[in-house]
$ cat my_file36.txt   # compact mmCIF, C-alpha atoms
# COMPACT_ATOMS: atom_id res chain seq x y z
CA MET A 21 99.70 84.18 156.81
CA VAL A 22 98.55 87.42 158.47
CA ASP A 23 96.76 87.39 161.83
CA CYS A 24 93.52 89.40 161.54
CA SER A 25 91.77 88.02 164.60
CA THR A 26 91.24 91.42 166.25
CA PRO A 27 90.07 94.77 164.87
CA TRP A 28 93.46 96.28 165.79
CA GLU A 29 95.27 93.71 163.64
CA VAL A 30 92.96 94.51 160.72
CA LEU A 31 93.61 98.24 161.24
CA ARG A 32 97.38 97.68 161.34
CA LEU A 33 97.20 95.67 158.12
CA VAL A 34 95.14 98.37 156.34
CA ILE A 35 97.55 101.08 157.49
CA ALA A 36 100.57 99.02 156.44
CA LEU A 37 99.08 98.35 153.02
CA SER A 38 98.20 102.01 152.51
CA SER A 39 101.61 103.32 153.58
CA PRO A 40 103.84 104.87 150.90
CA SER A 41 106.49 102.18 151.38
CA ALA A 42 103.93 99.45 150.62
CA SER A 43 103.29 100.67 147.08
CA THR A 44 104.93 102.55 144.26
CA THR A 45 102.03 104.99 143.83
CA LYS A 46 101.97 108.52 145.15
CA PRO A 47 101.28 108.65 148.91
CA SER A 48 97.68 109.47 149.83
CA ALA A 49 96.81 112.98 150.95
CA SER A 50 96.35 113.83 154.61
CA PRO A 51 92.81 114.41 155.93
CA ILE A 52 93.33 118.17 156.02
CA GLU A 53 94.64 118.19 152.44
CA LEU A 54 91.60 116.20 151.31
CA MET A 55 89.29 118.68 153.03
CA ALA A 56 91.10 121.72 151.62
CA ALA A 57 90.78 120.32 148.10
CA GLN A 58 86.96 120.32 148.28
CA ILE A 59 85.38 123.16 146.32
CA ASP A 60 82.96 124.10 149.13
CA CYS A 61 85.55 124.09 151.91
CA GLU A 62 85.56 127.36 153.86
CA VAL A 63 88.62 128.90 155.51
CA LEU A 64 87.90 130.62 158.83
CA THR A 65 90.36 132.90 160.61
CA LEU A 66 89.34 133.50 164.23
CA PRO A 67 90.94 135.40 167.12
CA THR A 68 91.64 133.93 170.56
CA GLY A 69 88.51 133.30 172.61
CA THR A 70 86.10 133.03 169.69
CA ARG A 71 83.46 130.31 169.95
CA VAL A 72 83.61 128.04 166.89
CA TYR A 73 80.31 126.34 167.80
CA SER A 74 78.15 125.84 170.88
CA ARG A 75 77.02 122.69 172.65
CA GLY A 76 73.55 121.71 171.47
CA SER A 77 73.67 123.59 168.17
CA THR A 78 73.03 121.71 164.93
CA ALA A 79 76.05 119.61 163.95
CA ASP A 80 76.25 120.60 160.30
CA SER A 81 80.01 120.83 159.67
CA ILE A 82 83.36 119.22 160.32
CA TYR A 83 86.39 121.35 161.19
CA ALA A 84 90.12 120.97 160.67
CA VAL A 85 92.81 123.02 162.39
CA ARG A 86 95.26 124.50 159.94
CA ARG A 87 96.92 126.84 162.47
CA GLY A 88 96.47 127.40 166.22
CA ILE A 89 94.72 125.45 168.99
CA VAL A 90 91.00 124.78 169.48
CA GLU A 91 89.71 123.48 172.80
CA LEU A 92 86.56 121.36 173.07
CA LEU A 93 84.71 121.66 176.38
CA GLY A 94 82.40 118.78 177.35
CA ASP A 95 79.31 119.09 179.54
CA THR A 96 81.00 117.19 182.39
CA GLY A 97 84.13 119.37 182.35
CA GLU A 98 86.37 117.29 180.09
CA ARG A 99 88.67 119.28 177.82
CA LEU A 100 90.39 118.26 174.60
CA CYS A 101 92.66 120.43 172.50
CA TYR A 102 93.12 120.02 168.77
CA ARG A 103 96.29 121.15 167.03
CA PRO A 104 97.28 121.79 163.40
CA GLY A 105 96.47 118.86 161.13
CA GLU A 106 93.71 117.48 163.36
CA LEU A 107 90.00 117.24 162.54
CA PHE A 108 87.27 117.64 165.11
CA SER A 109 83.48 117.33 165.33
CA TYR A 110 83.37 114.41 162.89
CA GLN A 111 82.04 112.18 165.67
CA ASP A 112 79.04 114.48 166.10
CA ILE A 113 78.11 114.60 162.43
CA VAL A 114 78.63 110.90 161.77
CA TRP A 115 77.57 109.08 164.96
CA ARG A 116 75.50 111.48 167.06
CA GLU A 117 71.94 112.77 167.06
CA GLY A 118 72.62 115.82 164.91
CA THR A 119 73.88 118.24 167.57
CA TYR A 120 77.32 119.17 168.86
CA ARG A 121 77.94 117.59 172.27
CA THR A 122 80.80 119.99 173.11
CA GLU A 123 81.61 123.66 172.86
CA ALA A 124 84.58 124.60 170.67
CA VAL A 125 86.66 127.68 171.54
CA ALA A 126 89.76 129.10 169.85
CA ARG A 127 92.53 129.11 172.51
CA THR A 128 94.97 130.88 170.20
CA PRO A 129 94.40 132.74 166.93
CA VAL A 130 93.28 129.95 164.59
CA GLU A 131 92.84 129.19 160.94
CA LEU A 132 90.23 126.49 160.43
CA LEU A 133 88.80 124.61 157.49
CA ARG A 134 85.06 123.97 157.60
CA LEU A 135 83.26 121.44 155.41
CA ASP A 136 79.53 120.80 155.62
CA ARG A 137 78.19 117.41 156.70
CA LEU A 138 77.05 116.18 153.28
CA ARG A 139 80.34 117.14 151.61
CA PHE A 140 82.27 115.35 154.36
CA LEU A 141 80.20 112.19 153.99
CA ASN A 142 80.79 112.34 150.23
CA LEU A 143 84.51 112.77 150.90
CA LEU A 144 84.45 109.64 153.10
CA HIS A 145 82.63 107.75 150.36
CA ASN A 146 85.17 108.81 147.72
CA HIS A 147 88.23 108.31 149.99
CA PRO A 148 87.47 105.35 152.30
CA THR A 149 91.00 105.38 153.74
CA LEU A 150 90.15 108.74 155.30
CA ALA A 151 88.17 106.83 157.94
CA VAL A 152 91.26 104.77 158.74
CA LEU A 153 93.34 107.94 159.08
CA LEU A 154 90.77 109.46 161.45
CA ILE A 155 90.69 106.28 163.54
CA GLY A 156 94.49 106.39 163.69
CA GLN A 157 94.38 110.02 164.80
CA GLN A 158 91.91 109.14 167.56
CA HIS A 159 94.07 106.18 168.60
CA ASP A 160 97.13 108.43 168.93
CA ARG A 161 95.11 110.92 170.98
CA LEU A 162 93.86 108.21 173.36
CA ARG A 163 97.36 106.74 173.71
CA GLU A 164 98.76 110.18 174.59
CA GLN A 165 96.02 110.75 177.17
CA ARG A 166 96.60 107.35 178.73
CA THR A 167 100.35 107.90 178.92
CA SER A 168 100.11 111.38 180.41
CA GLY A 169 97.06 110.76 182.58
CA THR A 170 95.73 114.16 181.56
CA CYS A 171 93.89 115.88 178.77
CA CYS A 172 95.66 116.42 175.47
CA TYR A 173 97.21 119.92 175.31

$ encode --input "my_file36.txt" --output "structure tokens"
Amino acid sequence: MVDCSTPWEVLRLVIALSSPSASTTKPSASPIELMAAQIDCEVLTLPTGTRVYSRGSTADSIYAVRRGIVELLGDTGERLCYRPGELFSYQDIVWREGTYRTEAVARTPVELLRLDRLRFLNLLHNHPTLAVLLIGQQHDRLREQRTSGTCCY
């Protein structure tokens, strides 16, 4: 019998069941691969220092880093960096009041994927395990921050 008494145990079970070793089917695509496969996904190439979006602007898209580093600057001074393979701004378009709560700046030359809010929500509907992958990504980020005692760079 499997212990599912906490949300973390349920998450571990879902991840274990969706892992390639748990089935004989083809492994699921990564979040960035799922985004790139969408017909309306835009590819942005931006130089260092370019603002991706501003705090307070309408949260209408999700972004994924394909190459480079993007730094998110919070209103109280917190800083988070996102690296290749990571998605950002999904919290703002799913759980927030419709505006970006941070400012996103390219810290190196970047290549980003941008998908509008409705397309992302449709993607989540069609690929429910994407939510689990994003939760796992956030968990890894929080674990790294806790271990280092600093922001994620």

$ residues_around --input "my_file36.txt" --residues "A:Arg86" --least-positions-apart "3" --cutoff "6 Å" --atoms "only C-alpha atoms" --output "MDAnalysis selection string"
chainID A and resid 104:105 131:132

$ write_last_selection --input "my_file36.txt" --atoms "C-alpha atoms" --output "PDB file, keeping the file's coordinate frame"
ATOM      1  CA  PRO A 104      97.280 121.790 163.400  1.00  0.00           C
ATOM      2  CA  GLY A 105      96.470 118.860 161.130  1.00  0.00           C
ATOM      3  CA  GLU A 131      92.840 129.190 160.940  1.00  0.00           C
ATOM      4  CA  LEU A 132      90.230 126.490 160.430  1.00  0.00           C
TER       5      LEU A 132
END

$ closest_residue --input "my_file36.txt" --among "A:Pro129, A:Gly97, A:Gly88, A:Pro148" --to "A:Thr70" --atoms "only C-alpha atoms"
A:Pro129

$ residues_around --input "my_file36.txt" --residues "A:Ala57" --least-positions-apart "3" --cutoff "12 Å" --atoms "all atoms listed in the file" --output "PyMOL selection string"
chain A and resi 49-54+60-63+133-135+139-140+143

$ closest_residue --input "my_file36.txt" --among "A:Arg121, A:His145, A:Arg161, A:Arg75" --to "A:Arg103" --atoms "all atoms listed in the file"
A:Arg161

$ residues_near_point --input "my_file36.txt" --point "(74.0, 122.7, 167.6)" --cutoff "9 Å" --atoms "all atoms listed in the file" --output "VMD selection string"
chain A and resid 73 to 80 118 to 121

$ write_last_selection --input "my_file36.txt" --atoms "C-alpha atoms" --output "PDB file, in the frame of the given file"
ATOM      1  CA  TYR A  73      80.310 126.340 167.800  1.00  0.00           C
ATOM      2  CA  SER A  74      78.150 125.840 170.880  1.00  0.00           C
ATOM      3  CA  ARG A  75      77.020 122.690 172.650  1.00  0.00           C
ATOM      4  CA  GLY A  76      73.550 121.710 171.470  1.00  0.00           C
ATOM      5  CA  SER A  77      73.670 123.590 168.170  1.00  0.00           C
ATOM      6  CA  THR A  78      73.030 121.710 164.930  1.00  0.00           C
ATOM      7  CA  ALA A  79      76.050 119.610 163.950  1.00  0.00           C
ATOM      8  CA  ASP A  80      76.250 120.600 160.300  1.00  0.00           C
ATOM      9  CA  GLY A 118      72.620 115.820 164.910  1.00  0.00           C
ATOM     10  CA  THR A 119      73.880 118.240 167.570  1.00  0.00           C
ATOM     11  CA  TYR A 120      77.320 119.170 168.860  1.00  0.00           C
ATOM     12  CA  ARG A 121      77.940 117.590 172.270  1.00  0.00           C
TER      13      ARG A 121
END

$ closest_residue --input "my_file36.txt" --among "A:Thr128, A:Gln111, A:Asn142, A:Gln158" --to "A:Val85" --atoms "only C-alpha atoms"
A:Thr128

$ atom_distance --input "my_file36.txt" --atom1 "atom CA of A:Ile89" --atom2 "atom CA of A:Leu141"
24.7 Å

$ atom_distance --input "my_file36.txt" --atom1 "atom CA of A:Leu153" --atom2 "atom CA of A:Ala56"
15.8 Å

$ atom_distance --input "my_file36.txt" --atom1 "atom CA of A:His159" --atom2 "atom CA of A:Cys101"
14.8 Å

$ axis_aligned_box --input "my_file36.txt" --around "stretch 89-93 of chain A" --padding-each-side "8 Å" --output "AutoDock Vina command-line options"
--center_x 89.7 --center_y 123.4 --center_z 172.7 --size_x 26.0 --size_y 20.1 --size_z 23.4

$ closest_residue --input "my_file36.txt" --among "A:Ile155, A:Ala124, A:Leu100, A:Ile59" --to "A:Tyr83" --atoms "only C-alpha atoms"
A:Ala124

$ residues_around --input "my_file36.txt" --residues "A:Thr122" --least-positions-apart "3" --cutoff "6 Å" --atoms "only C-alpha atoms" --output "ChimeraX atom specification"
/A:75,92-94
